[in-house]
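Student: Enclosed is the structure file final-v3.txt (compact mmCIF, C-alpha atoms).
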```
# COMPACT_ATOMS: atom_id res chain seq x y z
CA MET A 1 81.04 102.75 32.26
CA ILE A 2 84.68 103.01 33.22
CA VAL A 3 86.81 100.30 31.64
CA ALA A 4 90.04 99.09 33.23
CA GLU A 5 92.60 96.34 32.88
CA ARG A 6 94.52 94.41 35.49
CA LYS A 7 98.19 95.16 36.02
CA SER A 8 100.48 92.15 35.71
CA ILE A 9 101.30 90.07 38.77
CA PRO A 10 105.03 91.04 38.68
CA GLN A 11 103.98 94.71 38.60
CA MET A 12 101.69 94.19 41.58
CA MET A 13 104.42 92.33 43.48
CA GLU A 14 106.80 95.22 42.86
CA ILE A 15 104.20 97.75 44.03
CA LEU A 16 103.49 95.73 47.18
CA ALA A 17 107.11 95.00 48.07
CA GLY A 18 107.70 95.27 51.80
CA HIS A 19 104.06 94.83 52.85
CA LYS A 20 103.24 91.71 54.83
CA ASN A 21 99.49 92.10 55.08
CA VAL A 22 97.69 93.24 52.01
CA LEU A 23 94.00 93.81 51.35
CA VAL A 24 92.94 93.27 47.76
CA LEU A 25 89.87 95.46 47.50
CA GLY A 26 87.44 94.99 44.64
CA CYS A 27 84.63 97.21 43.44
CA GLY A 28 81.19 95.93 42.50
CA THR A 29 80.40 98.50 39.86
CA CYS A 30 82.10 99.34 36.52
CA VAL A 31 85.19 97.20 37.01
CA THR A 32 83.03 94.20 37.85
CA VAL A 33 81.18 94.61 34.56
CA CYS A 34 84.43 94.96 32.60
CA LEU A 35 85.83 91.88 34.38
CA ALA A 36 88.81 93.67 35.85
CA GLY A 37 88.15 94.27 39.53
CA GLY A 38 85.03 92.48 40.75
CA GLU A 39 84.72 89.76 43.35
CA ARG A 40 85.91 87.06 40.96
CA GLU A 41 88.95 89.04 39.85
CA VAL A 42 89.78 89.84 43.48
CA GLY A 43 89.86 86.10 44.15
CA VAL A 44 92.12 85.47 41.17
CA VAL A 45 94.52 88.31 41.99
CA ALA A 46 94.68 87.40 45.67
CA SER A 47 95.39 83.78 44.85
CA ALA A 48 98.04 84.76 42.29
CA LEU A 49 99.70 87.16 44.74
CA ARG A 50 99.81 84.52 47.47
CA MET A 51 101.45 82.09 45.06
CA ALA A 52 103.88 84.65 43.65
CA ALA A 53 104.90 85.66 47.17
CA ARG A 54 105.44 82.06 48.19
CA LYS A 55 107.42 81.42 45.02
CA GLN A 56 109.65 84.42 45.76
CA GLY A 57 110.00 83.42 49.41
CA VAL A 58 108.32 86.61 50.57
CA GLU A 59 105.92 86.70 53.49
CA MET A 60 102.64 88.15 52.34
CA ASN A 61 99.18 87.54 53.75
CA VAL A 62 96.47 88.53 51.34
CA GLU A 63 92.90 89.30 52.38
CA GLU A 64 90.07 89.67 49.91
CA LEU A 65 87.11 92.03 50.03
CA THR A 66 84.80 93.51 47.44
CA ILE A 67 82.56 96.44 48.23
CA GLU A 68 79.64 97.77 46.24
CA ARG A 69 81.35 100.96 45.11
CA GLN A 70 84.78 102.33 45.91
CA CYS A 71 84.03 105.83 44.65
CA ASP A 72 81.30 106.43 47.22
CA ASN A 73 81.92 107.30 50.87
CA VAL A 74 78.82 105.45 51.99
CA PHE A 75 80.16 102.17 50.69
CA ILE A 76 83.84 102.53 51.52
CA GLU A 77 83.04 102.63 55.22
CA ARG A 78 82.36 98.92 54.91
CA ALA A 79 86.01 98.33 54.15
CA ALA A 80 87.23 100.14 57.28
CA GLU A 81 87.82 97.09 59.45
CA ALA A 82 89.57 95.13 56.73
CA ILE A 83 91.76 98.12 55.87
CA ALA A 84 92.67 98.54 59.55
CA ARG A 85 93.76 94.89 59.72
CA ASN A 86 96.20 95.25 56.83
CA ASP A 87 99.38 97.20 56.06
CA ALA A 88 98.35 98.21 52.58
CA VAL A 89 95.44 98.20 50.15
CA LEU A 90 95.66 97.05 46.56
CA SER A 91 92.61 98.64 44.99
CA LEU A 92 91.03 96.86 42.05
CA GLY A 93 88.74 99.84 41.56
CA CYS A 94 89.18 102.49 38.89
CA GLY A 95 91.46 105.46 39.48
CA ALA A 96 88.61 107.35 41.13
CA GLY A 97 87.86 104.46 43.48
CA ALA A 98 91.49 103.99 44.49
CA GLN A 99 91.79 107.72 45.21
CA ALA A 100 88.59 107.75 47.24
CA ILE A 101 90.00 104.98 49.44
CA ALA A 102 93.36 106.75 49.74
CA GLU A 103 91.73 110.02 50.76
CA ARG A 104 89.54 108.33 53.32
CA TYR A 105 92.17 106.14 54.98
CA LEU A 106 95.13 108.44 55.44
CA ASP A 107 97.30 106.04 57.44
CA ARG A 108 97.28 103.22 54.90
CA PRO A 109 99.08 103.14 51.58
CA VAL A 110 96.64 102.51 48.76
CA TYR A 111 97.92 101.18 45.45
CA ALA A 112 96.16 100.81 42.13
CA GLY A 113 96.03 97.24 40.87
CA LEU A 114 94.31 98.27 37.65
CA ASP A 115 95.12 100.56 34.80
CA THR A 116 92.01 102.65 34.21
CA GLU A 117 91.64 102.91 30.45
CA PHE A 118 88.54 104.72 29.25
CA ILE A 119 84.81 105.40 29.35
CA GLY A 120 83.26 102.87 27.04
CA ILE A 121 80.77 100.15 26.41
CA LEU A 122 80.67 96.39 26.12
CA GLU A 123 80.70 95.99 22.33
CA GLU A 124 80.31 92.22 22.39
CA ARG A 125 81.26 89.46 24.80
CA GLY A 126 84.80 90.25 25.99
CA VAL A 127 85.22 93.37 23.86
CA TRP A 128 85.03 96.91 25.21
CA THR A 129 85.46 100.05 23.17
CA GLU A 130 86.00 103.66 24.08
CA LYS A 131 83.07 105.93 23.35
CA CYS A 132 83.53 109.09 25.38
CA SER A 133 86.49 111.32 26.21
CA ALA A 134 84.66 113.22 28.97
CA CYS A 135 85.58 116.47 27.23
CA GLY A 136 83.10 118.44 29.32
CA ALA A 137 81.27 120.01 26.36
CA CYS A 138 79.41 117.33 24.44
CA VAL A 139 79.12 117.69 20.68
CA LEU A 140 77.28 114.43 19.99
CA GLY A 141 74.18 116.32 18.85
CA ASP A 142 76.05 117.79 15.88
CA TYR A 143 77.43 114.47 14.71
CA GLY A 144 74.51 112.11 14.81
CA GLY A 145 75.50 110.60 18.14
CA ILE A 146 78.98 109.52 17.02
CA CYS A 147 81.75 111.29 18.92
CA PRO A 148 84.44 112.55 16.53
CA ILE A 149 86.75 113.44 19.41
CA THR A 150 86.83 109.92 20.80
CA ARG A 151 86.31 107.81 17.73
CA CYS A 152 88.25 109.69 15.06
CA ALA A 153 91.95 108.94 15.48
CA LYS A 154 92.72 112.54 14.48
CA ARG A 155 89.91 114.00 16.60
CA LEU A 156 88.66 116.00 13.64
CA LEU A 157 85.58 118.14 14.14
CA ASN A 158 85.56 118.96 10.42
CA GLY A 159 86.20 115.63 8.78
CA PRO A 160 86.74 113.31 7.13
CA CYS A 161 90.47 113.50 6.71
CA GLY A 162 90.43 111.75 3.34
CA GLY A 163 92.79 109.01 4.40
CA SER A 164 90.31 106.26 5.09
CA THR A 165 90.24 103.14 2.94
CA GLU A 166 87.10 101.08 2.48
CA GLN A 167 85.49 102.78 5.46
CA ARG A 168 88.46 101.93 7.65
CA CYS A 169 90.62 104.41 9.54
CA GLU A 170 94.08 104.99 8.05
CA VAL A 171 95.61 105.17 11.51
CA ARG A 172 94.06 101.93 12.72
CA ALA A 173 92.86 99.58 10.02
CA ASP A 174 90.84 97.54 12.51
CA THR A 175 88.67 100.57 13.28
CA GLU A 176 85.81 101.96 11.28
CA CYS A 177 86.29 105.52 10.10
CA ALA A 178 84.33 107.65 12.58
CA TRP A 179 83.48 110.11 9.85
CA GLN A 180 82.04 107.35 7.69
CA LEU A 181 79.86 106.41 10.65
CA ILE A 182 78.89 110.05 11.19
CA TYR A 183 77.94 110.41 7.53
CA LYS A 184 75.87 107.23 7.50
CA ARG A 185 74.14 108.13 10.72
CA LEU A 186 73.31 111.71 9.70
CA LYS A 187 72.06 110.46 6.34
CA GLY A 188 69.90 107.91 8.10
CA ILE A 189 68.23 110.50 10.30
CA GLY A 190 67.91 113.11 7.55
CA GLN A 191 70.41 115.57 9.04
CA LEU A 192 73.12 115.59 6.39
CA ASP A 193 72.84 119.37 6.24
CA LYS A 194 74.70 119.47 9.56
CA LEU A 195 77.84 118.48 7.68
CA SER A 196 77.72 121.62 5.57
CA ARG A 197 78.45 123.73 8.64
CA ILE A 198 82.03 124.38 9.63
CA ALA A 199 82.60 123.57 13.29
CA GLN A 200 84.42 126.27 15.20
CA PRO A 201 87.47 125.36 17.28
CA LYS A 202 86.29 123.51 20.36
CA ASP A 203 86.44 125.19 23.74
CA TRP A 204 88.73 122.85 25.65
CA SER A 205 88.53 124.86 28.87
CA ALA A 206 85.79 122.48 29.99
CA HIS A 207 88.24 119.57 29.78
CA LEU A 208 91.31 119.19 32.01
CA ASP A 209 92.30 122.83 31.66
CA GLY A 210 93.24 124.24 35.07
CA GLY A 211 93.21 120.95 36.96
CA CYS A 212 90.52 118.51 37.94
CA ARG A 213 86.92 119.40 37.41
CA THR A 214 84.23 119.76 40.05
CA ILE A 215 80.48 119.88 39.67
CA ILE A 216 78.48 121.55 42.41
CA ARG A 217 74.71 121.14 42.50
CA GLU A 218 73.47 123.71 45.00
CA ASP A 219 69.95 122.32 44.74
CA HIS A 220 71.17 119.04 46.18
CA ARG A 221 73.43 120.43 48.85
CA ILE A 222 72.39 120.65 52.47
CA MET B 1 114.00 65.52 45.20
CA ASN B 2 115.14 64.12 41.88
CA CYS B 3 112.76 63.38 39.04
CA GLU B 4 113.04 59.62 39.51
CA THR B 5 111.75 59.58 43.08
CA PHE B 6 109.32 62.45 42.68
CA GLU B 7 105.73 61.32 42.26
CA PRO B 8 103.63 64.22 40.93
CA ARG B 9 100.21 64.91 42.30
CA ILE B 10 97.90 65.75 39.43
CA VAL B 11 94.38 67.08 39.82
CA ALA B 12 92.25 66.08 36.84
CA PHE B 13 88.97 67.90 36.31
CA CYS B 14 86.97 65.50 34.16
CA CYS B 15 83.69 66.27 32.45
CA HIS B 16 80.85 63.98 33.53
CA TYR B 17 79.74 63.43 29.93
CA CYS B 18 83.05 62.37 28.41
CA ALA B 19 86.41 62.19 30.17
CA TYR B 20 85.00 60.93 33.46
CA ALA B 21 83.13 58.19 31.61
CA ALA B 22 86.31 57.46 29.63
CA ALA B 23 88.34 57.12 32.82
CA ASP B 24 85.64 54.85 34.21
CA LEU B 25 85.71 52.80 31.02
CA ALA B 26 89.49 52.57 31.29
CA GLY B 27 88.96 50.90 34.66
CA SER B 28 86.40 48.47 33.22
CA MET B 29 88.78 47.65 30.38
CA ARG B 30 91.67 47.15 32.80
CA ILE B 31 93.68 49.90 31.11
CA GLN B 32 96.29 51.16 33.54
CA TYR B 33 97.02 54.81 34.16
CA PRO B 34 99.33 56.27 36.81
CA PRO B 35 97.85 56.52 40.30
CA ASN B 36 99.23 60.07 40.62
CA VAL B 37 96.00 61.54 39.38
CA ARG B 38 93.10 62.69 41.56
CA ILE B 39 89.99 62.85 39.42
CA ILE B 40 87.31 65.44 40.16
CA ARG B 41 84.10 65.05 38.24
CA THR B 42 82.60 68.24 36.93
CA PRO B 43 79.22 68.61 35.17
CA CYS B 44 80.99 70.35 32.28
CA THR B 45 84.48 71.82 31.90
CA GLY B 46 82.70 75.12 31.20
CA ARG B 47 81.73 75.07 34.87
CA LEU B 48 85.36 75.46 35.85
CA GLU B 49 86.59 78.95 36.54
CA VAL B 50 90.11 80.33 36.84
CA PRO B 51 90.12 80.24 40.68
CA TYR B 52 89.57 76.46 40.60
CA PHE B 53 92.86 75.94 38.79
CA LEU B 54 94.70 78.49 40.92
CA LYS B 55 93.42 76.96 44.16
CA ALA B 56 94.68 73.55 43.08
CA PHE B 57 98.18 74.93 42.58
CA GLU B 58 97.98 77.11 45.68
CA GLN B 59 97.18 74.05 47.73
CA GLY B 60 100.06 72.08 46.34
CA ALA B 61 99.01 70.27 43.17
CA ASP B 62 101.98 69.67 40.89
CA GLY B 63 99.84 69.71 37.78
CA VAL B 64 96.25 70.20 36.69
CA LEU B 65 94.66 68.36 33.81
CA VAL B 66 91.35 69.54 32.40
CA ALA B 67 89.60 66.89 30.32
CA GLY B 68 86.55 67.93 28.36
CA CYS B 69 84.48 66.68 25.45
CA LEU B 70 85.73 66.72 21.89
CA GLU B 71 85.40 70.15 20.32
CA GLY B 72 81.94 70.38 18.82
CA GLY B 73 80.71 67.59 21.07
CA CYS B 74 80.05 69.43 24.34
CA HIS B 75 76.83 68.34 26.01
CA PHE B 76 76.15 72.01 26.76
CA SER B 77 77.29 73.03 23.29
CA GLU B 78 80.30 75.22 24.07
CA GLY B 79 81.40 74.61 27.65
CA ASN B 80 84.64 72.95 26.55
CA LEU B 81 85.47 75.92 24.30
CA ILE B 82 84.98 78.28 27.24
CA ALA B 83 87.20 76.04 29.36
CA LYS B 84 89.89 76.06 26.67
CA LYS B 85 90.10 79.85 26.86
CA ARG B 86 90.10 79.86 30.65
CA VAL B 87 92.87 77.27 30.73
CA ARG B 88 94.92 79.36 28.32
CA MET B 89 94.33 82.48 30.40
CA THR B 90 95.30 80.65 33.58
CA ALA B 91 98.45 79.26 31.96
CA ASP B 92 99.48 82.85 31.15
CA LEU B 93 98.76 83.81 34.74
CA LEU B 94 100.89 80.92 36.00
CA ALA B 95 103.76 82.28 33.91
CA GLU B 96 103.25 85.71 35.51
CA ILE B 97 103.34 84.08 38.94
CA GLY B 98 106.56 82.26 38.06
CA LEU B 99 105.22 78.72 37.62
CA GLU B 100 105.61 76.71 34.43
CA PRO B 101 102.45 77.04 32.32
CA GLN B 102 102.91 73.41 31.19
CA ARG B 103 101.68 72.36 34.62
CA LEU B 104 98.17 73.12 33.37
CA LYS B 105 96.81 71.38 30.31
CA MET B 106 93.49 70.82 28.63
CA VAL B 107 92.68 67.73 26.59
CA ASN B 108 89.59 66.58 24.73
CA VAL B 109 88.35 63.02 25.07
CA SER B 110 85.12 61.29 24.09
CA ALA B 111 83.31 58.95 26.47
CA ALA B 112 84.73 56.06 24.47
CA GLY B 113 88.30 57.32 24.75
CA ALA B 114 89.49 55.02 27.53
CA ARG B 115 92.91 54.48 25.98
CA LEU B 116 93.21 58.18 25.15
CA ILE B 117 92.49 59.45 28.66
CA ALA B 118 94.97 56.93 30.07
CA ASP B 119 97.58 58.18 27.58
CA HIS B 120 96.85 61.82 28.41
CA ILE B 121 97.20 61.14 32.13
CA THR B 122 100.45 59.25 31.59
CA GLU B 123 101.82 62.04 29.42
CA MET B 124 100.80 64.71 31.95
CA VAL B 125 102.46 62.80 34.79
CA GLU B 126 105.67 62.53 32.77
CA THR B 127 105.60 66.21 31.80
CA VAL B 128 105.17 67.27 35.41
CA ARG B 129 107.74 64.75 36.62
CA LYS B 130 110.28 66.47 34.39
CA LEU B 131 109.26 69.90 35.66
CA GLY B 132 109.70 68.79 39.24
CA PRO B 133 107.52 69.48 42.27
CA ASN B 134 105.32 72.52 42.47
CA PRO B 135 107.59 75.00 44.26
CA LEU B 136 104.61 76.11 46.33
CA ALA B 137 103.79 72.56 47.37
CA GLN B 138 106.28 72.16 50.19
CA LYS B 139 104.85 75.09 52.10
CA ALA B 140 101.27 74.20 51.23
CA ARG B 141 101.79 70.69 52.60
CA ARG B 142 103.36 72.08 55.76
CA THR B 143 100.50 74.47 56.41
CA ALA B 144 97.77 72.01 55.40
```
Rewrite the structure of this file - the entire thing - as structure tokens.
Tutor:
Amino acid sequence: MIVAERKSIPQMMEILAGHKNVLVLGCGTCVTVCLAGGEREVGVVASALRMAARKQGVEMNVEELTIERQCDNVFIERAAEAIARNDAVLSLGCGAGAQAIAERYLDRPVYAGLDTEFIGILEERGVWTEKCSACGACVLGDYGGICPITRCAKRLLNGPCGGSTEQRCEVRADTECAWQLIYKRLKGIGQLDKLSRIAQPKDWSAHLDGGCRTIIREDHRI
Amino acid sequence: MNCETFEPRIVAFCCHYCAYAAADLAGSMRIQYPPNVRIIRTPCTGRLEVPYFLKAFEQGADGVLVAGCLEGGCHFSEGNLIAKKRVRMTADLLAEIGLEPQRLKMVNVSAAGARLIADHITEMVETVRKLGPNPLAQKARRTA
């Protein structure tokens, strides 16, 4: 899922300066799961904004709404009336969600209330970690399901770098060496021979090269 | 309003299994505590979420006291520990908003702690008295 973090209240107040009626719009999908932009967080942010505005002597009415998914046209229609009632939208969706709202409602400024961080998983209660860089050409199969691009601080495809200490990364001591994990995993599944191959330079054209990426599935198009 | 004439309004969320019983016991024992406090009984402080605290301030409370069981003694095993983290998180949020984080405090009291809850309430009232009225309160009271 996409993992995001809330911007600070002073940052949001600065972003929203000059708007008297603001819709704080949450998203019921990834950002709800990562506790950044779901219904509960919308309530907290809206309440905090109301208080901050009152403290600063600024007039700001804050409405709250959370829709199922901001990155899907079918669901963002449900926000139409609330968006029409307000001067601006503070999206607590991910970057994709905020952009979907902005593209759909051309006459309303849409601001991001979150910093979208990464694609990751819930490691344990309250801890999320990055697992995928969305490089567009997955190499997980060669590395026992551990992504060296995302999880190795040096992004080495032919590791390890030799700098790790007691299985910990030399760049970040709180992180396990990805190459240690790759070795253990490949050993566990009897595929250590994969490490004897030299990986060729990765084709990065599938990543952000040439602008944003689009996938077209003709079999699903009408 | 100077701090001598200002009477703070404190919302105290008290756990049914400890602090609420302690406050009740304080009454039975004729132990005085300031009348500035409005006690709200909660089944466990772990039931309290961040919006509860924010709403109290938004609606004009000058301070919020959260009183849960002693650490390790929660009836639901770890509700008070959850509350402790939420209180800390909310205090940080109050600072972001521009309010003094000291307006929100969590204390731990056993059901037998009649004197202790009275002392905590007294201390909270004095702390908030020094901080002055909730700057949001005037408007909240006008619009209420």
Student: Tell me the residues of chain B close to chain A, meaning within 10 Å using only C-alpha atoms, as a compact mmCIF listing (two decimals) with C-alpha atoms, in the frame of the given file.
Tutor:
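File produced: result-v3.txt:
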```txt
# COMPACT_ATOMS: atom_id res chain seq x y z
CA GLU B 49 86.59 78.95 36.54
CA VAL B 50 90.11 80.33 36.84
CA PRO B 51 90.12 80.24 40.68
CA TYR B 52 89.57 76.46 40.60
CA PHE B 53 92.86 75.94 38.79
CA LEU B 54 94.70 78.49 40.92
CA LYS B 55 93.42 76.96 44.16
CA PHE B 57 98.18 74.93 42.58
CA GLU B 58 97.98 77.11 45.68
CA GLN B 59 97.18 74.05 47.73
CA THR B 90 95.30 80.65 33.58
CA LEU B 93 98.76 83.81 34.74
CA LEU B 94 100.89 80.92 36.00
CA ALA B 95 103.76 82.28 33.91
CA GLU B 96 103.25 85.71 35.51
CA ILE B 97 103.34 84.08 38.94
CA GLY B 98 106.56 82.26 38.06
CA LEU B 99 105.22 78.72 37.62
CA ASN B 134 105.32 72.52 42.47
CA PRO B 135 107.59 75.00 44.26
CA LEU B 136 104.61 76.11 46.33
CA ALA B 137 103.79 72.56 47.37
CA LYS B 139 104.85 75.09 52.10
CA ALA B 140 101.27 74.20 51.23
```
Student: Quick one: pull the distance between CA of Trp179 in chain A and CA of Pro160 in chain A, Å, one decimal.
Tutor: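 Rounded to one decimal, the two atoms are 5.3 Å apart.
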Student: So how far away is CA of Cys15 in chain B from CA of Cys44 in chain B, in Å?
Tutor: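 Going from CA of Cys44 in chain B over to CA of Cys15 in chain B, I get 4.9 Å.
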Student: Determine, counting only C-alpha atoms, which protein, DNA and RNA residues have an atom within 10 Å of an atom of range 139-156 of chain A; residues of the same chain fewer than 3 positions away are not included. Present the result as a PyMOL selection string.
Tutor: chain A and resi 119+129-136+159-161+169-172+175-192+194-195+197+199+202
Student: Given the selection you just returned, output its residues as a file containing C-alpha atoms, formatted as an mmCIF file, in the frame of the given file.
Tutor:
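Okay, result_7.cif is ready:
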```
data_model
loop_
_atom_site.group_PDB
_atom_site.id
_atom_site.type_symbol
_atom_site.label_atom_id
_atom_site.label_comp_id
_atom_site.auth_asym_id
_atom_site.auth_seq_id
_atom_site.Cartn_x
_atom_site.Cartn_y
_atom_site.Cartn_z
ATOM 1 C CA ILE A 119 84.810 105.400 29.350
ATOM 2 C CA THR A 129 85.460 100.050 23.170
ATOM 3 C CA GLU A 130 86.000 103.660 24.080
ATOM 4 C CA LYS A 131 83.070 105.930 23.350
ATOM 5 C CA CYS A 132 83.530 109.090 25.380
ATOM 6 C CA SER A 133 86.490 111.320 26.210
ATOM 7 C CA ALA A 134 84.660 113.220 28.970
ATOM 8 C CA CYS A 135 85.580 116.470 27.230
ATOM 9 C CA GLY A 136 83.100 118.440 29.320
ATOM 10 C CA GLY A 159 86.200 115.630 8.780
ATOM 11 C CA PRO A 160 86.740 113.310 7.130
ATOM 12 C CA CYS A 161 90.470 113.500 6.710
ATOM 13 C CA CYS A 169 90.620 104.410 9.540
ATOM 14 C CA GLU A 170 94.080 104.990 8.050
ATOM 15 C CA VAL A 171 95.610 105.170 11.510
ATOM 16 C CA ARG A 172 94.060 101.930 12.720
ATOM 17 C CA THR A 175 88.670 100.570 13.280
ATOM 18 C CA GLU A 176 85.810 101.960 11.280
ATOM 19 C CA CYS A 177 86.290 105.520 10.100
ATOM 20 C CA ALA A 178 84.330 107.650 12.580
ATOM 21 C CA TRP A 179 83.480 110.110 9.850
ATOM 22 C CA GLN A 180 82.040 107.350 7.690
ATOM 23 C CA LEU A 181 79.860 106.410 10.650
ATOM 24 C CA ILE A 182 78.890 110.050 11.190
ATOM 25 C CA TYR A 183 77.940 110.410 7.530
ATOM 26 C CA LYS A 184 75.870 107.230 7.500
ATOM 27 C CA ARG A 185 74.140 108.130 10.720
ATOM 28 C CA LEU A 186 73.310 111.710 9.700
ATOM 29 C CA LYS A 187 72.060 110.460 6.340
ATOM 30 C CA GLY A 188 69.900 107.910 8.100
ATOM 31 C CA ILE A 189 68.230 110.500 10.300
ATOM 32 C CA GLY A 190 67.910 113.110 7.550
ATOM 33 C CA GLN A 191 70.410 115.570 9.040
ATOM 34 C CA LEU A 192 73.120 115.590 6.390
ATOM 35 C CA LYS A 194 74.700 119.470 9.560
ATOM 36 C CA LEU A 195 77.840 118.480 7.680
ATOM 37 C CA ARG A 197 78.450 123.730 8.640
ATOM 38 C CA ALA A 199 82.600 123.570 13.290
ATOM 39 C CA LYS A 202 86.290 123.510 20.360
#
```
Student: Quick one: residues within 12 Å of Ala100 in chain A, all atoms listed in the file, excluding same-chain residues fewer than 4 positions away - as number ranges by chain?
Tutor: A: 27, 69-77, 79, 91, 93-96, 104-106, 110-112
Student: Using only C-alpha atoms, which residue out of A:Glu14, A:Glu63, A:Glu218, A:Glu68 lies closest to Thr32 in chain A?
Tutor: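 Counting only C-alpha atoms, the residue closest to Thr32 in chain A is A:Glu68.
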Student: Could you complete range 198-204 of chain A so that it carries all heavy atoms, and give it back as a PDB file, in the coordinates of the input?
Tutor:
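The result, stored in out18.pdb:
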```pdb
ATOM      1  N   ILE A 198      80.654 124.526   9.184  1.00  0.00           N
ATOM      2  CA  ILE A 198      82.030 124.380   9.630  1.00  0.00           C
ATOM      3  C   ILE A 198      82.041 124.513  11.161  1.00  0.00           C
ATOM      4  O   ILE A 198      81.571 125.527  11.706  1.00  0.00           O
ATOM      5  CB  ILE A 198      82.950 125.475   9.034  1.00  0.00           C
ATOM      6  CG1 ILE A 198      82.901 125.441   7.505  1.00  0.00           C
ATOM      7  CG2 ILE A 198      84.388 125.321   9.558  1.00  0.00           C
ATOM      8  CD1 ILE A 198      83.456 124.182   6.873  1.00  0.00           C
ATOM      9  N   ALA A 199      82.547 123.507  11.817  1.00  0.00           N
ATOM     10  CA  ALA A 199      82.600 123.570  13.290  1.00  0.00           C
ATOM     11  C   ALA A 199      83.722 124.510  13.711  1.00  0.00           C
ATOM     12  O   ALA A 199      84.825 124.458  13.166  1.00  0.00           O
ATOM     13  CB  ALA A 199      82.842 122.178  13.843  1.00  0.00           C
ATOM     14  N   GLN A 200      83.416 125.343  14.666  1.00  0.00           N
ATOM     15  CA  GLN A 200      84.420 126.270  15.200  1.00  0.00           C
ATOM     16  C   GLN A 200      85.362 125.499  16.128  1.00  0.00           C
ATOM     17  O   GLN A 200      85.013 124.430  16.633  1.00  0.00           O
ATOM     18  CB  GLN A 200      83.731 127.399  15.975  1.00  0.00           C
ATOM     19  CG  GLN A 200      82.837 128.276  15.110  1.00  0.00           C
ATOM     20  CD  GLN A 200      83.599 128.879  13.943  1.00  0.00           C
ATOM     21  OE1 GLN A 200      84.612 129.548  14.121  1.00  0.00           O
ATOM     22  NE2 GLN A 200      83.132 128.610  12.715  1.00  0.00           N
ATOM     23  N   PRO A 201      86.568 126.048  16.351  1.00  0.00           N
ATOM     24  CA  PRO A 201      87.470 125.360  17.280  1.00  0.00           C
ATOM     25  C   PRO A 201      86.768 125.088  18.617  1.00  0.00           C
ATOM     26  O   PRO A 201      86.053 125.949  19.133  1.00  0.00           O
ATOM     27  CB  PRO A 201      88.621 126.353  17.456  1.00  0.00           C
ATOM     28  CG  PRO A 201      88.599 127.167  16.213  1.00  0.00           C
ATOM     29  CD  PRO A 201      87.160 127.267  15.802  1.00  0.00           C
ATOM     30  N   LYS A 202      86.985 123.901  19.129  1.00  0.00           N
ATOM     31  CA  LYS A 202      86.290 123.510  20.360  1.00  0.00           C
ATOM     32  C   LYS A 202      86.876 124.225  21.573  1.00  0.00           C
ATOM     33  O   LYS A 202      88.085 124.454  21.649  1.00  0.00           O
ATOM     34  CB  LYS A 202      86.412 121.990  20.538  1.00  0.00           C
ATOM     35  CG  LYS A 202      85.615 121.425  21.697  1.00  0.00           C
ATOM     36  CD  LYS A 202      85.616 119.912  21.642  1.00  0.00           C
ATOM     37  CE  LYS A 202      85.188 119.295  22.959  1.00  0.00           C
ATOM     38  NZ  LYS A 202      83.870 119.742  23.428  1.00  0.00           N
ATOM     39  N   ASP A 203      86.000 124.563  22.487  1.00  0.00           N
ATOM     40  CA  ASP A 203      86.440 125.190  23.740  1.00  0.00           C
ATOM     41  C   ASP A 203      86.901 124.081  24.685  1.00  0.00           C
ATOM     42  O   ASP A 203      86.076 123.375  25.276  1.00  0.00           O
ATOM     43  CB  ASP A 203      85.262 125.959  24.348  1.00  0.00           C
ATOM     44  CG  ASP A 203      85.619 126.554  25.701  1.00  0.00           C
ATOM     45  OD1 ASP A 203      86.823 126.504  26.078  1.00  0.00           O
ATOM     46  OD2 ASP A 203      84.703 127.043  26.390  1.00  0.00           O
ATOM     47  N   TRP A 204      88.193 123.934  24.826  1.00  0.00           N
ATOM     48  CA  TRP A 204      88.730 122.850  25.650  1.00  0.00           C
ATOM     49  C   TRP A 204      88.862 123.237  27.121  1.00  0.00           C
ATOM     50  O   TRP A 204      89.362 122.456  27.925  1.00  0.00           O
ATOM     51  CB  TRP A 204      90.088 122.384  25.117  1.00  0.00           C
ATOM     52  CG  TRP A 204      89.941 121.541  23.890  1.00  0.00           C
ATOM     53  CD1 TRP A 204      90.083 121.947  22.602  1.00  0.00           C
ATOM     54  CD2 TRP A 204      89.576 120.158  23.832  1.00  0.00           C
ATOM     55  NE1 TRP A 204      89.834 120.916  21.737  1.00  0.00           N
ATOM     56  CE2 TRP A 204      89.530 119.798  22.470  1.00  0.00           C
ATOM     57  CE3 TRP A 204      89.278 119.202  24.799  1.00  0.00           C
ATOM     58  CZ2 TRP A 204      89.198 118.517  22.047  1.00  0.00           C
ATOM     59  CZ3 TRP A 204      88.953 117.921  24.376  1.00  0.00           C
ATOM     60  CH2 TRP A 204      88.915 117.594  23.009  1.00  0.00           C
TER      61      TRP A 204
END
```
